[in-house]
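These notes concern the structure reproduced below.
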Amino acid sequence: MKEEDCLLKFEIQGGEFLDSGESSVVIKDYLKKIGIPHPFIRRVLIATYEAEMNVVAHAERGTLCFMIAEKTVVIRVQDKGPGIPDVDLAMQKGYSTATQEVRQMGFGAGMGLPNMKQNSDTLIINTEVGTGTEVIMEFTL
Amino acid sequence: MTEHSLIIDENKCNGCTICLRACPTQALIVRKGKAKLINDRCIDCGECIRACPEKAIKSKRDNIEIIHDYTYKLLVYSPVILAQFKDFHSYEKVLYLFKHMGFDAMVGVDTGGYIAADIIRGFLKNKQNDQRPYIATNCPAVCRLIQSKYSGLIEHVLPMYSISDIAGEYLKHSFISNNKVNPEDVGLFYISPCPAKLIPTNQEKGCHNIFDGIFSMGDIYNFLMNIMENEDIQFTKQEMITTKFALRWSSFGDVEHKFKDFTTLRIDGIRNVIRFLDRLENGIIEDVDFVDMYACDNGCVGGVFAKEDPHIAEYRIKRIADTFPEKISKKMFPCDVDTCDIKMKFEYNPKIPNKEDMKLAIQTIAEIEALYEKLPKLDCAACGSATCYNFAEDIVLRKDVTIDDCPILKTSAP
């Protein structure tokens with residue numbers, strides 16, 4: 001998986017809730033254009049949105065890369081942020097480190113990583129506390 | 001091929017491109033100085049008819065004379081027509097004039113609204129129906145928009161006929177059984193406020209075409225004005241059975257009233273509809289049960305064939321509606337016809353592209369985007385394509401233009 005293989009690339013700004021979710025929409029439109037059926041697009045859309053929102057909610061900034069090869073769609077999100085101290089705990093439904101304020105805005109329900117896992121075929125998380133996180137999701141057509 | 005109601009008069013078209021920019025689905029192009037319709041993009045909303053300064057775009061419609069081909073003539077009228085006359089308080093006169101024209105029985109689209117409301121309520125109460133929000137099928141332009149552009153939203157379309165079809169089925173069914181007549185002798189007609197309703201919604205499936213003839217409300221308006229001006233008519237009192245809610249819903253989409261225990265929205269105006277559908281497909285609309293959408297501003301009172309200003313028409317319908325009760329006895333409209341069931345299914349057949357198709361599609365998109373980057377991105381439409389992106393698509397896919405056809409690049413070239 002090389003940098004130049006990115007068909008679409010996005011910059012994500014941490015804390016920017018208002019303009020967030022754009023990359024998942026552009027990717028959805030792209031998949032629609034190349035004739036991918038909607039149930040598959042929906043999986044990519046949900047998982048990508050969650051991955052993007054995780055960067056917005058937790059990290060300083062990040063990049064999202066969309067690749068497509070043979071029968072696989074790959075989404076890679078890399079961020080500069082706090083990292084995830086306990087990945088297994090973060091994968092549990094309902095677990096969230098989000099503050100009460102963020103929760104009141106309708107975010108931080110603790111479904112981000114579980115939704116990403118449920119909607120992708122493989123989910124790889126590489127994380128280092130204090131440095132950042134890399135999430136790679138694969139979707140098989 | 002999909003049938004459309006729009007006809008472009010090449011003698012009148014001066015190639016000005018105003019229609020291109022008015023069209024919400026980029027379904028028009030100008031080539032060799034004349035506008036042309038791209039059939040698989042057009043949703044018959046009629047925005048181009050409104051926009052054309054030369055009045056070069058018209059809509060196909062049936063001639064009123066065809067009613068005489070049938071022994072019994074039945075009419076479904078859009079209640080919007082009642083609001084087209086200054087003396088709207090005597091709306092019963094309009095009903096009398098329909099009789100005078102030769103119709104044996106008639107109902108308004110409001111009748112369909114009355115019948116449909118309880119069925120939709122029952123459907124929404126069923127917790128298993130979880131493709132929320134459900135989208136009403138009342139506006140055919142909205143239905144066609146979803147079918148052609150929003151593959152992801154097909155499951156949200158309420159699997160049910162529009163309220164004008166339900167009114168038609170109810171009228172025909174009850175007339176035949178009450179009068180014991182041969183169905184073949186019965187003609188069912190509809191007065192439509194817009195071009196979208198002039199043609200069947202779900203053409204591939206062959207359903208929805210229950211009417212034997214559909215007339216433009218504008219033509220009927222002319223016809224009635226001529227009768228009133230030139231004939232001495234002795235009006236007799238006509239009875240109209242309806243409810244406040246049914247009249248309001250079927251004219252300007254006031255749907256919330258009867259669906260207060262659900263989160264229900266009325267969305268009007270094609271650009272608002274598109275924004276909402278985009279957001280819905282993007283997955284950011286939550287907690288909405290039912291949406292009734294109309295391509296025209298203010299719903300059907302804003303129809304292309306309406307003479308009266310939509311706000312005035314809406315005001316008049318409200319005042320007419322005030323004279324009707326909130327509820328009527330269910331026995332008035334016993335509904336035992338097929339269409340009063342939740343049965344219509346919208347179809348969309350997604351095909352999984354094979355590897356080669358996908359590769360080709362990716363290449364094509366890359367080619368289009370590379371071309372687009374070279375264009376001025378003014379979306380001036382002077383080239384005859386609606387936007388610069390459409391122009392790039394037309395170079396690659398339609399192949400009927402080349403990059404040299406961009407007038408801006410031509411003038412700025414060294």
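Here, A, B, ... name the chains of the structure tokens in the order displayed, residue numbers run from 1 inside each chain, and ligands are numbered from 1 in the same displayed order.
In plain terms, chain A touches chain B through Gly21, Ser24, Val25, Lys28, Tyr30, Lys32, Lys33, Ile34, Gly35, Ile36, Pro37, His38, Pro39, Ile41, Arg42, Leu45, Ile46, Ala69, Glu70, Lys71 and Leu141 of chain A, where touching means an atom at most 9 Å away, counting only C-alpha atoms.
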Same residues, N, CA, C and O atoms, output as a CSV table (one decimal), in the first residue's frame:
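Once written, again_2.csv looks like this:
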```
chain,number,residue,atom,x,y,z
A,21,GLY,N,-17.1,15.1,8.0
A,21,GLY,CA,-17.9,14.1,7.3
A,21,GLY,C,-17.8,14.2,5.8
A,21,GLY,O,-18.5,13.5,5.0
A,24,SER,N,-16.2,11.1,3.6
A,24,SER,CA,-17.1,9.9,3.4
A,24,SER,C,-18.1,10.2,2.3
A,24,SER,O,-18.4,9.3,1.5
A,25,VAL,N,-18.5,11.5,2.2
A,25,VAL,CA,-19.5,11.8,1.1
A,25,VAL,C,-18.8,11.8,-0.3
A,25,VAL,O,-19.4,11.2,-1.2
A,28,LYS,N,-18.3,8.2,-1.2
A,28,LYS,CA,-19.6,7.6,-1.6
A,28,LYS,C,-20.0,8.0,-3.0
A,28,LYS,O,-20.4,7.1,-3.8
A,30,TYR,N,-18.0,8.8,-5.4
A,30,TYR,CA,-17.1,8.2,-6.3
A,30,TYR,C,-17.5,6.7,-6.5
A,30,TYR,O,-17.6,6.3,-7.7
A,32,LYS,N,-20.4,5.5,-6.2
A,32,LYS,CA,-21.7,5.5,-7.0
A,32,LYS,C,-21.3,5.6,-8.5
A,32,LYS,O,-21.9,5.0,-9.3
A,33,LYS,N,-20.4,6.5,-8.8
A,33,LYS,CA,-20.1,6.8,-10.2
A,33,LYS,C,-19.5,5.6,-10.9
A,33,LYS,O,-19.7,5.4,-12.0
A,34,ILE,N,-18.7,4.8,-10.1
A,34,ILE,CA,-18.1,3.6,-10.8
A,34,ILE,C,-19.1,2.4,-10.7
A,34,ILE,O,-18.7,1.3,-11.1
A,35,GLY,N,-20.3,2.6,-10.3
A,35,GLY,CA,-21.3,1.6,-10.4
A,35,GLY,C,-21.3,0.5,-9.3
A,35,GLY,O,-21.9,-0.5,-9.4
A,36,ILE,N,-20.8,0.9,-8.1
A,36,ILE,CA,-20.8,0.0,-7.0
A,36,ILE,C,-22.2,0.0,-6.4
A,36,ILE,O,-22.8,1.0,-6.2
A,37,PRO,N,-22.8,-1.2,-6.0
A,37,PRO,CA,-24.2,-1.2,-5.5
A,37,PRO,C,-24.2,-0.6,-4.1
A,37,PRO,O,-23.3,-0.7,-3.3
A,38,HIS,N,-25.4,-0.1,-3.7
A,38,HIS,CA,-25.5,0.7,-2.5
A,38,HIS,C,-25.2,-0.1,-1.2
A,38,HIS,O,-24.6,0.5,-0.3
A,39,PRO,N,-25.7,-1.3,-1.0
A,39,PRO,CA,-25.4,-1.9,0.3
A,39,PRO,C,-23.9,-1.9,0.6
A,39,PRO,O,-23.5,-1.7,1.8
A,41,ILE,N,-21.7,0.3,-0.6
A,41,ILE,CA,-21.4,1.8,-0.4
A,41,ILE,C,-21.7,2.2,1.0
A,41,ILE,O,-21.0,2.9,1.7
A,42,ARG,N,-22.9,1.7,1.5
A,42,ARG,CA,-23.3,2.1,2.8
A,42,ARG,C,-22.3,1.6,3.9
A,42,ARG,O,-22.0,2.4,4.8
A,45,LEU,N,-19.4,4.0,3.7
A,45,LEU,CA,-19.8,5.3,4.1
A,45,LEU,C,-19.9,5.4,5.7
A,45,LEU,O,-19.3,6.3,6.3
A,46,ILE,N,-20.5,4.4,6.3
A,46,ILE,CA,-20.6,4.4,7.8
A,46,ILE,C,-19.2,4.3,8.4
A,46,ILE,O,-18.9,5.1,9.3
A,69,ALA,N,-8.6,-1.5,-5.3
A,69,ALA,CA,-7.7,-2.4,-6.1
A,69,ALA,C,-8.5,-3.7,-6.3
A,69,ALA,O,-9.1,-4.3,-5.3
A,70,GLU,N,-8.5,-4.2,-7.5
A,70,GLU,CA,-9.2,-5.5,-7.8
A,70,GLU,C,-10.6,-5.4,-7.2
A,70,GLU,O,-11.4,-4.6,-7.6
A,71,LYS,N,-10.9,-6.2,-6.2
A,71,LYS,CA,-12.2,-6.3,-5.6
A,71,LYS,C,-12.2,-5.8,-4.2
A,71,LYS,O,-13.0,-6.2,-3.3
A,141,LEU,N,-15.5,-6.5,-2.2
A,141,LEU,CA,-16.7,-6.4,-3.0
A,141,LEU,C,-17.3,-7.8,-3.3
A,141,LEU,O,-16.5,-8.7,-3.5
```
**OP:** Would you kindly return, as a ChimeraX atom specification, each protein, DNA or RNA residue with an atom no farther than 12 Å from any atom of region 115-129 of chain A, considering only C-alpha atoms and excluding same-chain residues fewer than 3 positions away?
**Re:** /A:39-54,59,72-88,90-94,109-112,132-141
Subject >> Neighbour list for Glu47 (chain B) as number ranges by chain, cut-off 12 Å, only C-alpha atoms, skip fewer than 5 positions in-chain >> reply: B: 6, 18-28, 42, 52, 57-59, 141, 194-196, 269-271, 295-297, 302-305
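Counting from CA of Phe88 (chain B), the distance to CA of Met106 (chain B) is 18.6 Å.
For region 93-142 of chain B, backbone-based DSSP labels the following residues as strand (DSSP E or B): B:Ala105, B:Met106, B:Val107, B:Gly108, B:Tyr134, B:Ile135.
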Subject >> Residues near Phe10 (chain A), cut-off 7 Å, only C-alpha atoms, skip fewer than 6 positions along chain, as an NGL selection string >> reply: :A and (23 or 63-65)
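In this model, the gap between CA of Thr387 (chain B) and CA of Glu3 (chain B) comes to 24.9 Å.
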**OP:** Take CA of Pro325 (chain B) and CA of Phe245 (chain B) and report the distance between them in Å, one decimal.
**Re:**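 So the answer is 8.7 Å.
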